[in-house]
Amino acid sequence: MTNPIEALLAEKGVLLADGATGTNLFNLGLASGEAPELWNESAPEKITALHQNFVDAGADIILTNSFGGTRHRLKLHNAQDRVHELNKRAAEIARAVADKAGRKVVVAGSVGPTGELLEPLGTMTYDDAVEAFSEQIKGLKEGGAEIAWIETMSAPGEAKAAAQAAINVGLPYTYTVSFDTAGRSMMGLAPKDIHGVVEGLAEEPVGVGANCGVGAPDILASLLDMTEAKPEATVIVKGNCGIPQFHGTEIRYSGTPELMADYVRLAVDSGAKIIGGCCGTSFEHLAAMRKALDTHHKSTRPTIETIVERIGPLRNKTANQSGESAEGAEPRRERRRRG
Amino acid sequence: MSDDEIILSELSDDELVQQMHDDLYDGLKEEIEEGTNILLERGWAPYKVLTEALVEGMRIVGEDFRDGILFVPEVLLSANAMKAGMAILRPLLAATGAPKQGKMVIGTVKGDIHDIGKNLVGMMMEGAGFDIIDLGINNPVEKYLAAIEEHQPDIVGMSALLTTTMPYMKVVIDTMKEKGIRDDYVVLVGGAPLNEEFGKAVGADAYCRDAAVAVETAKEFMKRKHNVHATA
């Protein structure tokens, strides 16, 4: 089965995804704590503007405004019974912008975590998770999403459940994980292990990768691990635009367009096939990233030292410095374990 | 293998406490319950069991969590094991009037349903001897104010996992300022997307990067508070 992303990759080599949704909606007046997904109905013109600005900046892929679109997340805003319509609406808004772009722009249906813990740590069963994601992805597909874009995952089981849901609904899928804790995901998944997350499912992912996390240098360190583990995979990075800082009452991210342009060049050199921005990445940043992508020729694979030298220090330790098998992480003494 | 089977009741006090630290690390709930009961049967004061077996064990877990050796799944299992021990000790601690560290109101801010980190902080704080009033998830400023009024805590803790919800911490703190009560409480904030600069910018007393740091920070502030009272 060819899918729109593979077709576009064959044509362009490396694709540019979009920038931030949440933090850009703040600039359009979203109040903290409000559900961005409700704007698909109450302020669709703002969501249209968000997509349009990213398309104008040169995005090849735009993500629908549906990150918190599962019933678990919408419940907070008493909208758990409107999963289908809100997701469908999200995809329709993006679809309309993509259709008049004058070039191929892929509409990717954003699917974020439920916020629940899977059994046995929490109460959500795998089947419940598949069902909740299926409900969301069905709405996205009906509104015109061409692919399920599973993102900011932390628990491998939850990413797999979302992938299973995409397969059930009949959409190709990608998944990305947030490596924000000591170079791994909050639940301990290391970047090099990302490829095995959906092992056993009937359909392979179109791409896998990392999004959000901490700063741009850290996500590139994760990228090196992911591309090293499986060089032939389509690997995605959608990194934050620096780190959040308050200026008065406004949050701004520390990354400049120049920094994000260099992040794109380093990401290409590190083997990424789809590159975008996450929190804090504005239209201006994305335009600089487009230009970098169009003018850069893939060069030598960088080391972590090169990355740090060019775009700044890592905030966290890397994955091979963490976990129980890490160097220097030997248990303090011989542990007695039970048989 | 039966050769390796450890019979808790056959261990000396010191060995048993060491073993309980290991069992907490491995998240073994039933073994922690058993160990807690054995120490109590041997005449240990509930407070001594709490501090030397459970809190010390969780301190090790907390350190390895901080250092990226353990991750959330393992720490949740450890915290659950500790909770089982706490369930045995709690009524006994209340009856024996064991010393209290302080009181904390804690909750995830409005718009945010993520409570894993917040729950961990609550459990570790409780393990360290704090009284915890957990407001759960999705708390508007009114909920924090009502809980502050009702419980008169020493510390107010706020958690957020989303970049779209973390600015709400400033709303809560600004409202506390408006009411003239901000300086009556220690405000601690935490959550994956936050950092120290952010904590300062919203007007919190401290940003705590994980549950272990939250406990250390809370203890530090309580010490300062007591010093102020002592010299006042």
# chains A, B, ... in the order shown; residues from 1 in each chain; ligands from 1
>>> closest_atom_pairs(of="chain B", to="chain A", cutoff="9 Å", atoms="only C-alpha atoms", output="tab-separated table")
residue	atom	partner	partner_atom	distance
B:Met1	CA	A:Gly339	CA	5.3
B:Ser2	CA	A:Gly339	CA	7.4
B:Asp3	CA	A:Gly339	CA	8.8
B:Asp4	CA	A:Gly339	CA	6.4
B:Glu5	CA	A:Arg338	CA	6.2
B:Ile6	CA	A:Arg338	CA	7.0
B:Gln19	CA	A:Arg336	CA	7.3
B:Asp22	CA	A:Arg335	CA	6.5
B:Asp23	CA	A:Arg337	CA	7.9
B:Asp26	CA	A:Arg337	CA	8.3
B:Asp64	CA	A:Ala329	CA	8.5
B:Arg66	CA	A:Ala182	CA	8.8
B:Asp67	CA	A:Ser322	CA	7.5
B:Gly68	CA	A:Ser322	CA	5.0
B:Ile69	CA	A:Gly323	CA	4.1
B:Leu70	CA	A:Gly323	CA	6.0
B:Phe71	CA	A:Gly188	CA	5.3
B:Val72	CA	A:Met187	CA	5.3
B:Pro73	CA	A:Met187	CA	6.0
B:Glu74	CA	A:Met187	CA	8.8
B:Leu76	CA	A:Leu121	CA	7.2
B:Leu77	CA	A:Leu121	CA	7.5
B:Val109	CA	A:Gly33	CA	7.7
B:Lys110	CA	A:Gly33	CA	5.1
B:Gly111	CA	A:Gly33	CA	3.8
B:Asp112	CA	A:Gly33	CA	6.8
B:Ile113	CA	A:Gly115	CA	6.3
B:His114	CA	A:Gly115	CA	5.6
B:Asp115	CA	A:Gly115	CA	8.2
B:Ile116	CA	A:Leu117	CA	8.2
B:Asn138	CA	A:Leu76	CA	7.2
B:Pro140	CA	A:Gly33	CA	8.7
B:Thr163	CA	A:Thr23	CA	7.3
B:Thr164	CA	A:Ser32	CA	5.6
B:Thr165	CA	A:Gly33	CA	4.9
B:Met166	CA	A:Ser32	CA	7.4
B:Pro167	CA	A:Ser32	CA	6.1
B:Tyr168	CA	A:Ser32	CA	5.6
B:Lys170	CA	A:Thr249	CA	8.4
B:Ala192	CA	A:Asp180	CA	7.2
B:Pro193	CA	A:Val214	CA	7.4
B:Leu194	CA	A:Pro244	CA	7.7
B:Asn195	CA	A:Pro244	CA	8.1
B:Glu197	CA	A:Gln245	CA	6.9
B:Phe198	CA	A:Gln245	CA	6.0
B:Ala201	CA	A:Phe246	CA	5.9
B:Val202	CA	A:Phe246	CA	7.8
>>> write_last_selection(atoms="C-alpha atoms", output="PDB file, in the first residue's frame")
ATOM      1  CA  MET B   1      14.741 -21.779  44.055  1.00  0.00           C
ATOM      2  CA  SER B   2      14.062 -22.800  47.598  1.00  0.00           C
ATOM      3  CA  ASP B   3      17.743 -22.480  48.535  1.00  0.00           C
ATOM      4  CA  ASP B   4      17.526 -18.757  47.892  1.00  0.00           C
ATOM      5  CA  GLU B   5      14.277 -18.306  49.756  1.00  0.00           C
ATOM      6  CA  ILE B   6      14.671 -15.624  52.392  1.00  0.00           C
ATOM      7  CA  GLN B  19      16.028  -6.550  53.060  1.00  0.00           C
ATOM      8  CA  ASP B  22      15.705  -4.085  48.706  1.00  0.00           C
ATOM      9  CA  ASP B  23      12.087  -5.198  48.647  1.00  0.00           C
ATOM     10  CA  ASP B  26      11.842  -4.148  43.809  1.00  0.00           C
ATOM     11  CA  ASP B  64      17.874   6.328  41.624  1.00  0.00           C
ATOM     12  CA  ARG B  66      16.437  11.274  40.167  1.00  0.00           C
ATOM     13  CA  ASP B  67      19.587   9.823  38.602  1.00  0.00           C
ATOM     14  CA  GLY B  68      17.703   8.182  35.732  1.00  0.00           C
ATOM     15  CA  ILE B  69      18.389   4.621  36.902  1.00  0.00           C
ATOM     16  CA  LEU B  70      14.761   3.881  37.716  1.00  0.00           C
ATOM     17  CA  PHE B  71      11.759   5.179  35.756  1.00  0.00           C
ATOM     18  CA  VAL B  72       8.113   5.770  36.545  1.00  0.00           C
ATOM     19  CA  PRO B  73       6.890   2.150  36.238  1.00  0.00           C
ATOM     20  CA  GLU B  74       9.412   0.861  38.808  1.00  0.00           C
ATOM     21  CA  LEU B  76       5.119   3.377  41.054  1.00  0.00           C
ATOM     22  CA  LEU B  77       5.546  -0.234  42.162  1.00  0.00           C
ATOM     23  CA  VAL B 109      -3.856  22.361  37.609  1.00  0.00           C
ATOM     24  CA  LYS B 110      -6.895  23.183  35.540  1.00  0.00           C
ATOM     25  CA  GLY B 111      -7.066  21.586  32.096  1.00  0.00           C
ATOM     26  CA  ASP B 112      -4.577  18.884  32.993  1.00  0.00           C
ATOM     27  CA  ILE B 113      -5.441  15.299  33.850  1.00  0.00           C
ATOM     28  CA  HIS B 114      -1.931  14.013  34.398  1.00  0.00           C
ATOM     29  CA  ASP B 115      -1.460  12.817  37.923  1.00  0.00           C
ATOM     30  CA  ILE B 116       1.321  10.238  37.853  1.00  0.00           C
ATOM     31  CA  ASN B 138      -8.088  19.610  36.795  1.00  0.00           C
ATOM     32  CA  PRO B 140      -9.304  25.659  39.053  1.00  0.00           C
ATOM     33  CA  THR B 163       2.845  23.254  28.056  1.00  0.00           C
ATOM     34  CA  THR B 164      -0.730  24.435  27.573  1.00  0.00           C
ATOM     35  CA  THR B 165      -1.612  24.046  31.240  1.00  0.00           C
ATOM     36  CA  MET B 166       1.556  24.974  33.098  1.00  0.00           C
ATOM     37  CA  PRO B 167       0.951  28.737  32.803  1.00  0.00           C
ATOM     38  CA  TYR B 168      -2.120  28.200  34.963  1.00  0.00           C
ATOM     39  CA  LYS B 170       0.750  31.651  37.605  1.00  0.00           C
ATOM     40  CA  ALA B 192       7.924  17.454  32.979  1.00  0.00           C
ATOM     41  CA  PRO B 193       7.873  20.645  30.870  1.00  0.00           C
ATOM     42  CA  LEU B 194       8.806  22.951  33.759  1.00  0.00           C
ATOM     43  CA  ASN B 195      12.210  24.158  34.797  1.00  0.00           C
ATOM     44  CA  GLU B 197      13.447  29.539  35.568  1.00  0.00           C
ATOM     45  CA  PHE B 198       9.790  28.805  34.936  1.00  0.00           C
ATOM     46  CA  ALA B 201       8.794  33.333  36.725  1.00  0.00           C
ATOM     47  CA  VAL B 202       5.411  32.120  37.946  1.00  0.00           C
TER      48      VAL B 202
END
>>> closest_residue(among="B:Leu161, B:Met124, B:Ile106, B:Met20", to="B:Ala79", atoms="only C-alpha atoms")
B:Met124
>>> select_by_dssp(residues="stretch 1-222 of chain B", states="strand (DSSP E or B)", output="ChimeraX atom specification")
/B:102-109,130-134,139,155-159,186-190,206-207
>>> select_by_dssp(residues="stretch 12-194 of chain B", states="helix (DSSP H, G or I)", output="MDAnalysis selection string")
chainID B and resid 13:25 29:41 46:66 72:96 116:127 141:151 168:178 182:184
>>> residues_around(residues="A:Gly215", least_positions_apart="4", cutoff="8 Å", atoms="only C-alpha atoms", output="list in words")
Ile219, Gly239, Asn240, Cys241, Gly242, Ile243, Leu314 and Arg315 of chain A
>>> residues_around(residues="stretch 297-301 of chain A", least_positions_apart="2", cutoff="9 Å", atoms="only C-alpha atoms", output="list in words")
Leu224, Arg265, Leu266, Val268, Asp269, Ser270, Gly271, Leu293, Asp294, Thr295 and Thr303 of chain A
>>> write_last_selection(atoms="C-alpha atoms", output="mmCIF file, in the first residue's frame")
data_model
loop_
_atom_site.group_PDB
_atom_site.id
_atom_site.type_symbol
_atom_site.label_atom_id
_atom_site.label_comp_id
_atom_site.auth_asym_id
_atom_site.auth_seq_id
_atom_site.Cartn_x
_atom_site.Cartn_y
_atom_site.Cartn_z
ATOM 1 C CA LEU A 224 21.210 9.497 16.531
ATOM 2 C CA ARG A 265 20.553 20.689 9.029
ATOM 3 C CA LEU A 266 21.824 18.514 11.884
ATOM 4 C CA VAL A 268 19.140 15.761 8.039
ATOM 5 C CA ASP A 269 22.768 14.821 8.644
ATOM 6 C CA SER A 270 21.647 12.484 11.442
ATOM 7 C CA GLY A 271 19.327 10.628 9.080
ATOM 8 C CA LEU A 293 15.926 22.097 4.353
ATOM 9 C CA ASP A 294 15.832 23.373 0.766
ATOM 10 C CA THR A 295 19.393 24.632 0.742
ATOM 11 C CA THR A 303 28.468 13.329 16.936
#
